[in-house]
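my_file24.cif (mmCIF, C-alpha atoms and all ligand atoms) appears below.
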data_coords
#
loop_
_atom_site.label_atom_id
_atom_site.label_comp_id
_atom_site.auth_asym_id
_atom_site.auth_seq_id
_atom_site.Cartn_x
_atom_site.Cartn_y
_atom_site.Cartn_z
CA MET A 1 79.47 78.07 3.87
CA ALA A 2 78.35 74.46 3.95
CA GLY A 3 74.90 73.16 4.71
CA LEU A 4 72.86 75.80 2.95
CA THR A 5 69.70 75.24 0.99
CA VAL A 6 68.25 77.65 -1.52
CA ILE A 7 64.83 78.80 -0.31
CA GLY A 8 63.47 79.11 -3.83
CA ALA A 9 64.14 75.45 -4.60
CA ALA A 10 62.33 74.38 -1.45
CA LEU A 11 59.44 76.73 -2.20
CA ALA A 12 59.00 75.27 -5.65
CA GLY A 13 57.69 72.12 -4.01
CA VAL A 14 54.84 73.83 -2.16
CA MET A 15 53.72 76.62 -4.48
CA THR A 16 51.35 76.54 -7.42
CA PRO A 17 52.21 78.69 -10.46
CA HIS A 18 49.92 81.41 -9.04
CA GLY A 19 51.63 81.38 -5.70
CA GLU A 20 48.81 79.75 -3.75
CA LEU A 21 49.80 77.72 -0.79
CA LEU A 22 49.08 74.03 -1.07
CA ALA A 23 49.43 73.39 2.65
CA SER A 24 45.81 74.35 3.33
CA GLU A 25 45.88 72.60 6.69
CA LEU A 26 48.35 75.18 7.98
CA ARG A 27 46.21 78.04 6.73
CA ALA A 28 43.09 76.63 8.45
CA ARG A 29 44.67 77.07 11.86
CA ASP A 30 45.61 80.68 11.12
CA ALA A 31 42.42 82.64 11.86
CA ASP A 32 43.64 86.03 10.62
CA GLY A 33 45.67 84.71 7.69
CA ASP A 34 48.86 86.54 8.66
CA GLY A 35 50.95 83.38 8.40
CA LEU A 36 51.37 82.92 12.16
CA CYS A 37 49.20 80.04 13.30
CA ASP A 38 46.88 80.65 16.26
CA THR A 39 49.05 78.70 18.71
CA GLN A 40 52.09 80.78 17.77
CA GLU A 41 50.16 84.01 18.24
CA GLU A 42 49.11 82.84 21.71
CA VAL A 43 52.79 82.48 22.65
CA LEU A 44 53.67 85.84 21.10
CA GLN A 45 50.59 87.52 22.63
CA THR A 46 49.70 88.97 19.24
CA ALA A 47 46.08 89.17 18.11
CA VAL A 48 44.73 85.87 16.75
CA PHE A 49 42.00 87.68 14.82
CA ALA A 50 43.97 90.69 13.53
CA ALA A 51 46.85 90.29 11.08
CA ASP A 52 48.35 93.63 12.13
CA THR A 53 48.13 93.65 15.94
CA ASP A 54 49.44 97.21 16.45
CA LYS A 55 47.83 98.60 13.27
CA ASP A 56 51.06 100.19 12.01
CA GLY A 57 50.68 98.89 8.45
CA PHE A 58 53.01 95.90 8.89
CA ILE A 59 51.42 92.50 9.58
CA ASP A 60 52.70 90.53 12.56
CA THR A 61 54.69 88.11 10.39
CA GLU A 62 56.52 90.96 8.69
CA GLU A 63 57.41 92.43 12.09
CA VAL A 64 58.80 89.06 13.17
CA ALA A 65 60.89 88.81 10.00
CA ARG A 66 62.12 92.41 10.27
CA LYS A 67 62.68 92.29 14.05
CA THR A 68 60.32 95.04 15.12
CA SER A 69 57.67 95.01 17.84
CA ALA A 70 54.27 93.73 16.74
CA TYR A 71 52.79 95.49 19.81
CA SER A 72 54.05 99.04 19.26
CA ASP A 73 53.02 101.24 16.35
CA GLN A 74 55.95 103.48 17.31
CA GLU A 75 58.35 100.82 16.03
CA THR A 76 58.26 100.06 12.31
CA PRO A 77 60.82 98.35 10.08
CA LEU A 78 63.70 100.31 8.60
CA PRO A 79 64.39 99.85 4.88
CA ALA A 80 66.46 96.72 4.26
CA GLY A 81 67.17 94.38 1.38
CA MET A 82 66.38 91.30 3.43
CA ASP A 83 66.01 90.18 7.01
CA VAL A 84 65.17 87.11 9.04
CA GLY A 85 63.49 86.57 12.41
CA MET A 86 62.66 83.56 14.57
CA VAL A 87 59.93 82.62 17.05
CA ALA A 88 58.96 79.34 18.73
CA ARG A 89 55.98 77.38 19.98
CA GLY A 90 55.07 73.86 21.10
CA GLU A 91 52.52 71.79 19.21
CA GLY A 92 51.78 68.22 18.21
CA GLY A 93 54.44 66.74 20.48
CA SER A 94 57.21 68.88 18.95
CA VAL A 95 58.94 72.18 19.52
CA HIS A 96 58.49 74.33 16.42
CA ALA A 97 61.01 76.94 15.36
CA LEU A 98 59.42 79.36 12.92
CA VAL A 99 61.80 81.23 10.63
CA ALA A 100 60.33 84.34 8.98
CA VAL A 101 62.21 85.64 5.93
CA TYR A 102 61.69 89.07 4.39
CA VAL A 103 63.07 89.86 0.93
CA ARG A 104 62.61 93.26 -0.66
CA GLY A 105 61.52 92.93 -4.27
CA GLY A 106 60.20 89.44 -3.56
CA ASP A 107 62.79 87.29 -5.30
CA MET A 108 63.55 84.39 -2.96
CA HIS A 109 65.20 82.24 -5.58
CA ASN A 110 68.81 83.09 -4.87
CA LYS A 111 68.42 83.34 -1.09
CA GLU A 112 69.88 80.71 1.18
CA LEU A 113 69.18 79.72 4.76
CA GLY A 114 71.81 78.31 7.07
CA PHE A 115 71.18 76.83 10.51
CA GLY A 116 73.12 76.11 13.64
CA LEU A 117 73.05 75.44 17.36
CA VAL A 118 74.95 77.09 20.15
CA LEU A 119 75.59 74.72 23.05
CA GLY A 120 77.60 76.25 25.86
CA ASP A 121 80.43 78.00 24.05
CA SER A 122 80.29 75.80 20.94
CA VAL A 123 78.75 77.07 17.70
CA ILE A 124 77.71 74.09 15.55
CA GLU A 125 76.43 74.34 11.99
CA VAL A 126 73.51 72.02 11.23
CA PRO A 127 72.90 70.75 7.68
CA ALA A 128 69.85 72.57 6.31
CA GLU A 129 68.69 69.50 4.42
CA SER A 130 68.09 67.52 7.61
CA LEU A 131 65.98 70.31 9.13
CA LEU A 132 64.05 71.27 6.01
CA ALA A 133 63.07 67.68 5.25
CA ASN A 134 60.37 67.99 7.93
CA ALA A 135 59.69 71.69 7.49
CA THR A 136 56.55 73.39 6.19
CA ILE A 137 57.17 76.40 3.96
CA SER A 138 54.60 79.06 3.12
CA ILE A 139 54.46 82.50 1.52
CA VAL A 140 52.61 85.50 2.96
CA PRO A 141 52.07 88.88 1.25
CA ALA A 142 54.19 91.68 2.73
CA SER A 143 52.96 95.23 3.41
CA ASP A 144 54.46 96.21 0.06
CA PRO A 145 53.05 93.72 -2.48
CA ALA A 146 56.39 93.78 -4.32
CA ASP A 147 58.15 92.28 -1.31
CA ALA A 148 57.89 88.70 -0.07
CA LEU A 149 57.66 86.94 3.25
CA ALA A 150 58.46 83.24 3.55
CA LEU A 151 57.74 81.21 6.65
CA VAL A 152 59.69 78.05 7.38
CA ASP A 153 58.21 75.98 10.22
CA ILE A 154 60.76 73.49 11.57
CA PRO A 155 59.58 70.88 14.10
CA PHE A 156 62.04 69.05 16.33
CA SER A 157 62.00 66.87 19.41
CA PRO A 158 61.79 68.56 22.82
CA GLU A 159 64.39 66.01 23.94
CA LEU A 160 67.01 68.12 22.14
CA VAL A 161 66.32 70.95 24.59
CA ARG A 162 65.81 68.69 27.62
CA SER A 163 69.05 66.81 27.08
CA PHE A 164 71.17 69.96 26.91
CA GLY A 165 69.09 72.03 29.33
CA SER A 166 69.71 75.19 27.33
CA LEU A 167 70.49 75.84 23.72
CA CYS A 168 70.34 78.51 21.09
CA PHE A 169 69.04 77.77 17.60
CA TYR A 170 70.09 80.25 14.93
CA THR A 171 69.34 80.93 11.27
CA THR A 172 71.37 82.87 8.73
CA LEU A 173 70.12 84.41 5.48
CA SER A 174 72.44 84.94 2.54
CA THR A 175 72.41 85.61 -1.17
CA GLN A 176 73.67 82.59 -3.06
CA GLY A 177 77.28 82.86 -4.12
CA GLN A 178 78.08 85.95 -2.09
CA GLY A 179 79.75 84.12 0.78
CA THR A 180 78.56 86.57 3.43
CA VAL A 181 75.64 86.46 5.85
CA ALA A 182 73.15 89.29 5.21
CA ALA A 183 70.97 88.72 8.27
CA ALA A 184 70.66 86.32 11.19
CA ALA A 185 68.30 85.50 14.02
CA ALA A 186 68.23 83.19 17.01
CA ILE A 187 65.94 81.73 19.64
CA GLN A 188 67.09 80.71 23.10
CA LEU A 189 65.38 77.60 24.47
CA VAL A 190 65.69 76.27 28.01
CA SER A 191 64.24 73.29 29.84
CA VAL A 192 62.75 73.97 33.29
CA ASN A 193 61.36 70.88 35.07
CA GLY A 194 61.32 69.22 31.63
CA ILE A 195 59.12 71.98 30.22
CA VAL A 196 60.62 73.74 27.22
CA HIS A 197 60.65 77.54 27.51
CA TRP A 198 61.38 80.11 24.87
CA VAL A 199 63.37 82.99 26.33
CA MET A 200 61.72 85.84 24.44
CA PRO A 201 63.63 89.13 24.29
CA ALA A 202 61.36 91.83 25.71
CA GLN A 203 62.96 94.94 24.23
CA GLY A 204 60.51 97.12 22.37
CA GLY A 205 57.64 96.34 24.70
CA VAL A 206 55.45 93.34 25.20
CA PRO A 207 51.83 93.28 26.32
CA GLY A 208 50.97 93.21 30.00
CA MET A 209 54.23 94.79 31.06
CA GLY A 210 53.63 98.53 30.93
CA ASN A 211 56.93 100.30 30.43
CA ARG A 212 59.09 97.53 31.75
CA GLY A 213 59.52 96.02 28.33
CA THR A 214 61.06 99.18 26.94
CA THR A 215 63.82 99.71 29.50
CA GLY A 216 66.98 97.63 29.66
CA ALA A 217 67.51 94.06 28.61
CA GLY A 218 64.54 91.98 29.67
CA SER A 219 63.40 88.47 28.82
CA VAL A 220 60.13 86.68 29.17
CA TYR A 221 60.31 82.98 30.00
CA ALA A 222 57.38 81.66 28.01
CA PRO A 223 56.62 77.98 28.58
CA ILE A 224 55.89 76.28 25.25
CA PRO A 225 54.48 72.86 26.21
CA VAL A 226 54.73 70.52 23.26
CA ASP A 227 51.01 69.85 23.38
CA GLY A 228 50.19 73.56 23.39
CA GLY A 229 48.27 75.53 26.04
CA SER A 230 48.91 74.28 29.57
CA GLY A 231 49.56 70.70 28.42
CA GLY A 232 51.87 68.95 30.85
CA LEU A 233 52.54 71.98 33.05
CA PRO A 234 52.73 71.31 36.82
CA SER A 235 49.50 72.31 38.57
CA GLU A 236 51.28 74.75 40.91
CA TRP A 237 52.46 76.93 38.03
CA ILE A 238 50.63 80.25 38.07
CA PRO A 239 48.21 80.84 35.18
CA GLY A 240 47.83 84.29 33.61
CA GLU A 241 51.42 85.21 34.46
CA VAL A 242 54.88 84.77 33.00
CA CYS A 243 58.41 84.91 34.45
CA TYR A 244 60.11 88.20 33.53
CA GLN A 245 63.84 88.60 34.01
CA THR A 246 66.19 91.49 33.56
CA THR A 247 69.85 90.76 33.02
CA GLN A 248 73.17 92.48 32.62
CA VAL A 249 76.03 91.36 30.43
CA VAL A 250 78.96 90.12 32.50
CA GLY A 251 81.04 88.55 29.75
CA MET A 252 81.34 88.28 26.01
CA GLN A 253 83.37 86.15 23.62
CA GLY A 254 82.61 86.12 19.93
CA GLY A 255 78.84 85.91 19.73
CA ILE A 256 78.54 84.17 23.12
CA VAL A 257 77.16 86.53 25.77
CA ILE A 258 77.16 85.72 29.49
CA GLN A 259 74.18 87.26 31.26
CA GLU A 260 73.63 87.67 34.98
CA VAL A 261 70.04 87.79 36.19
CA ILE A 262 69.50 90.97 38.23
CA SER A 263 65.75 90.70 38.71
CA ALA A 264 63.09 88.07 38.16
CA GLU A 265 59.39 88.13 38.98
CA CYS A 266 56.11 86.69 37.85
CA ILE A 267 54.16 89.40 36.02
CA SER A 268 50.49 89.29 35.15
CA GLY A 269 48.60 90.02 31.96
CA TRP A 270 49.86 87.02 30.02
CA ASP A 271 48.03 84.11 28.53
CA SER A 272 50.80 81.90 29.88
CA TYR A 273 52.17 80.37 33.08
CA CYS A 274 54.82 81.40 35.59
CA LYS A 275 56.94 78.90 37.46
CA PRO A 276 56.60 79.51 41.22
CA ASN A 277 60.38 79.67 41.73
CA CYS A 278 60.83 82.38 39.08
CA ALA A 279 62.52 84.76 41.57
CA THR A 280 65.19 82.24 42.60
CA SER A 281 67.10 82.77 39.37
CA VAL A 282 68.39 86.19 40.57
CA GLY A 283 72.18 86.11 40.79
CA SER A 284 72.57 83.18 38.42
CA THR A 285 74.29 83.46 35.07
CA TYR A 286 73.56 81.88 31.72
CA THR A 287 74.83 82.20 28.18
CA THR A 288 73.00 83.62 25.21
CA PHE A 289 74.07 84.11 21.64
CA ASP A 290 74.14 87.31 19.59
CA PRO A 291 73.18 86.32 16.03
CA GLY A 292 74.45 89.71 14.83
CA SER A 293 77.96 88.27 15.28
CA LEU A 294 77.33 86.04 12.25
CA VAL A 295 76.38 88.89 9.92
CA GLY A 296 78.90 89.99 7.35
CA GLY A 297 81.26 87.06 7.91
CA CA A 301 47.54 84.29 12.55
CA CA A 302 52.17 95.71 12.88
#
Translate the structure of the given file into C-alpha cells.
Ligand SMILES: [Ca+2]
Ligand SMILES: [Ca+2]
Amino acid sequence: MAGLTVIGAALAGVMTPHGELLASELRARDADGDGLCDTQEEVLQTAVFAADTDKDGFIDTEEVARKTSAYSDQETPLPAGMDVGMVARGEGGSVHALVAVYVRGGDMHNKELGFGLVLGDSVIEVPAESLLANATISIVPASDPADALALVDIPFSPELVRSFGSLCFYTTLSTQGQGTVAAAAAIQLVSVNGIVHWVMPAQGGVPGMGNRGTTGAGSVYAPIPVDGGSGGLPSEWIPGEVCYQTTQVVGMQGGIVIQEVISAECISGWDSYCKPNCATSVGSTYTTFDPGSLVGG
C-alpha cells in the first residue's frame, strides 16, 4: 500500500533515549497527563482531571485506541496485538484529528499508519508524509507497562470540511511488509452553518444520555469550533445540550454505509451546544464509512 509512514521513524524525532516527550507544551495542556489534552477531553466528555474516567484500569487514551467506552467500567478492551482509534477537536484555528495507536509489547518500530478520506462514495488514499509533516506525536504509558500508546495529532484546515460539507477521515494500522491492514478507525466530520461537527458514535454509552447510548445506532453531533469552546457558534444554539440522532442502515456498498435518520433531538447534560434545528434532520439520509471494511485487505 502506498503512502505509509513508519511510526517508529517519526517517533525518533520527538523522543529522548529515555522516552521522555520533548513536546512539553502539549503536556502542559493535559491536566491529568493521560495524553488527551483538556480541550479534547471536553469534546469527549471525559474527566479532565482523571486519567481513567470510568476507573476500570484503562486510561482514557487507551480506551480511545482500543475502541472501548471511557465512560463505562463494564466495557474493557479485549486482548489484541494492536489497534487504532480516532477522535477530533477544534483548536488554534484548525480541526485536529487525533489518532491513538495501541501496540501490545510496545514495539512501534515496524508499525505503519495509512490515511485516507471518504468523500461521497469515493475512497481516496492520502500520502502520510503530507499529514505527518504538521503532526505532533507523543507516547503515553499503557495500563500494562509493556504495551505502548502513541498519539498522533494531525491539524488541518476546517475549509476541507466546509468545502465538501461532509467527509470521513480514516486511519489504517499495519505491520511493515505484511501488506494487510491490522486495524482501522475513522471519524465523520460534517459542516453545519459553517461549524465543523464531529459525528461521534454513541454506542457503549456516553454521559448525560442515560440508557439511550447503549441501544441501537446513535450519534452525537458535537460542534468542534476551531477556536475551541463556543467560539464562533451562533448565539441561538442551545448551550449544555447536544444533538443526538439515531439512524438505521438503508444501504451498503463496500465500506460506504447509507444511514437514514429516524430520530433527532437536543439532549441535555453535555458541555456542548445543540443546533436549534436538530430535529429537522429526521427522514434525511447521509453516508458514513465502516473502517472495518479496510481490515485484512
Ligand atoms: Ca487529559
Ligand atoms: Ca477507563
List the neighbours of Val196 of chain A out to 9 Å using all atoms listed in the file; skip same-chain residues closer than 6 positions along the sequence, and give me the result as a ChimeraX atom specification.
/A:90,95,158,161-162,165,189-190,222-226
Kindly give the distance, in Å, that separates atom CA of Val282 of chain A and atom CA of Gln245 of chain A, rounded to a single decimal.
8.3 Å
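In this model, the gap between atom CA of Ile187 of chain A and atom CA of Phe115 of chain A comes to 11.6 Å.
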Counting only C-alpha atoms, the residue of A:Lys111, A:Phe156, A:Gly240, A:Ala146 that sits nearest Leu132 of chain A:
A:Phe156
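Among all protein and nucleic acid residues, the ones that lie within 9 Å of ligand CA 301 (chain A) when counting all atoms listed in the file are A:Arg27, A:Arg29, A:Asp30, A:Ala31, A:Asp32, A:Gly33, A:Asp34, A:Gly35, A:Leu36, A:Cys37, A:Asp38, A:Thr39, A:Gln40, A:Glu41, A:Thr46, A:Ala47, A:Val48, A:Phe49, A:Ala50, A:Ala51, A:Asp60, A:Thr61.
Of the listed residues A:Leu98, A:Ala142, A:Cys243, A:Val87, the one whose atoms come nearest to ligand CA 302 (chain A) is A:Ala142, with distances taken using all atoms listed in the file.
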Produce as a short mmCIF file (atom, residue, chain, number, x, y, z; two decimals) with C-alpha atoms, in the coordinates of the input the set of residues near ligand CA 302 (chain A), where near means within 6 Å with only C-alpha atoms and all ligand atoms considered.
data_model
loop_
_atom_site.label_atom_id
_atom_site.label_comp_id
_atom_site.auth_asym_id
_atom_site.auth_seq_id
_atom_site.Cartn_x
_atom_site.Cartn_y
_atom_site.Cartn_z
CA ASP A 52 48.35 93.63 12.13
CA THR A 53 48.13 93.65 15.94
CA ASP A 54 49.44 97.21 16.45
CA LYS A 55 47.83 98.60 13.27
CA ASP A 56 51.06 100.19 12.01
CA GLY A 57 50.68 98.89 8.45
CA PHE A 58 53.01 95.90 8.89
CA ILE A 59 51.42 92.50 9.58
CA ASP A 60 52.70 90.53 12.56
CA ALA A 70 54.27 93.73 16.74
#
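Note that the spacing between atom CA of Glu125 of chain A and atom CA of Val250 of chain A amounts to 26.0 Å.
Those residues positioned at most 10 Å from (71.5, 72.8, 24.7) are Leu117, Val118, Leu119, Gly120, Glu159, Leu160, Val161, Arg162, Ser163, Phe164, Gly165, Ser166, Leu167, Cys168, Phe169, Gln188, Leu189, Val190 and Ser191 of chain A, judged using all atoms listed in the file.
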Store the residues of this selection in a file with C-alpha atoms, as a PDB file, in the coordinates of the input.
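Now in result.pdb:
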ATOM      1  CA  LEU A 117      73.050  75.440  17.360  1.00  0.00           C
ATOM      2  CA  VAL A 118      74.950  77.090  20.150  1.00  0.00           C
ATOM      3  CA  LEU A 119      75.590  74.720  23.050  1.00  0.00           C
ATOM      4  CA  GLY A 120      77.600  76.250  25.860  1.00  0.00           C
ATOM      5  CA  GLU A 159      64.390  66.010  23.940  1.00  0.00           C
ATOM      6  CA  LEU A 160      67.010  68.120  22.140  1.00  0.00           C
ATOM      7  CA  VAL A 161      66.320  70.950  24.590  1.00  0.00           C
ATOM      8  CA  ARG A 162      65.810  68.690  27.620  1.00  0.00           C
ATOM      9  CA  SER A 163      69.050  66.810  27.080  1.00  0.00           C
ATOM     10  CA  PHE A 164      71.170  69.960  26.910  1.00  0.00           C
ATOM     11  CA  GLY A 165      69.090  72.030  29.330  1.00  0.00           C
ATOM     12  CA  SER A 166      69.710  75.190  27.330  1.00  0.00           C
ATOM     13  CA  LEU A 167      70.490  75.840  23.720  1.00  0.00           C
ATOM     14  CA  CYS A 168      70.340  78.510  21.090  1.00  0.00           C
ATOM     15  CA  PHE A 169      69.040  77.770  17.600  1.00  0.00           C
ATOM     16  CA  GLN A 188      67.090  80.710  23.100  1.00  0.00           C
ATOM     17  CA  LEU A 189      65.380  77.600  24.470  1.00  0.00           C
ATOM     18  CA  VAL A 190      65.690  76.270  28.010  1.00  0.00           C
ATOM     19  CA  SER A 191      64.240  73.290  29.840  1.00  0.00           C
TER      20      SER A 191
END
Shortest interatomic distance to Gly81 of chain A - which of A:Tyr102, A:Tyr286, A:Tyr273, A:Tyr244, counting only C-alpha atoms:
A:Tyr102
Out of A:Thr171, A:Gln178, A:Gly254, A:Glu265, which residue has the shortest atom-to-atom distance to Gly296 of chain A when counting only C-alpha atoms?
A:Gln178
Need the axis-aligned box for segment 162-167 of chain A with 3 Å each side, so what are the centre and edges in Å to one decimal, as JSON?
{"center_x": 68.5, "center_y": 71.3, "center_z": 26.5, "size_x": 11.4, "size_y": 15.0, "size_z": 11.6}
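With all atoms listed in the file as the atoms that count, the minimum distance from Val152 of chain A to the choices A:Ala184, A:Ile195, A:Val99, A:Ala202 is reached by A:Val99.
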With distances taken over all atoms listed in the file, which residue among A:Ser268, A:Val295, A:Gln259, A:Gly232 lies nearest Gly283 of chain A?
A:Gln259
Given the point (61.4, 79.6, 39.5) in the file's coordinates, find the residues that have an atom at most 10 Å from it, counting all atoms listed in the file, and give them as a PyMOL selection string.
chain A and resi 192-193+237+243+264-266+274-282
Can you tell me, as a ChimeraX atom specification, what residues are no more than 10 Å from Leu78 of chain A when counting all atoms listed in the file, ignoring any on the same chain fewer than 3 positions away?
/A:66-68,75,81
Residues as selected, C-alpha atoms, written as a PDB file, in the coordinates of the input, can you do that?
ATOM      1  CA  ARG A  66      62.120  92.410  10.270  1.00  0.00           C
ATOM      2  CA  LYS A  67      62.680  92.290  14.050  1.00  0.00           C
ATOM      3  CA  THR A  68      60.320  95.040  15.120  1.00  0.00           C
ATOM      4  CA  GLU A  75      58.350 100.820  16.030  1.00  0.00           C
ATOM      5  CA  GLY A  81      67.170  94.380   1.380  1.00  0.00           C
TER       6      GLY A  81
END
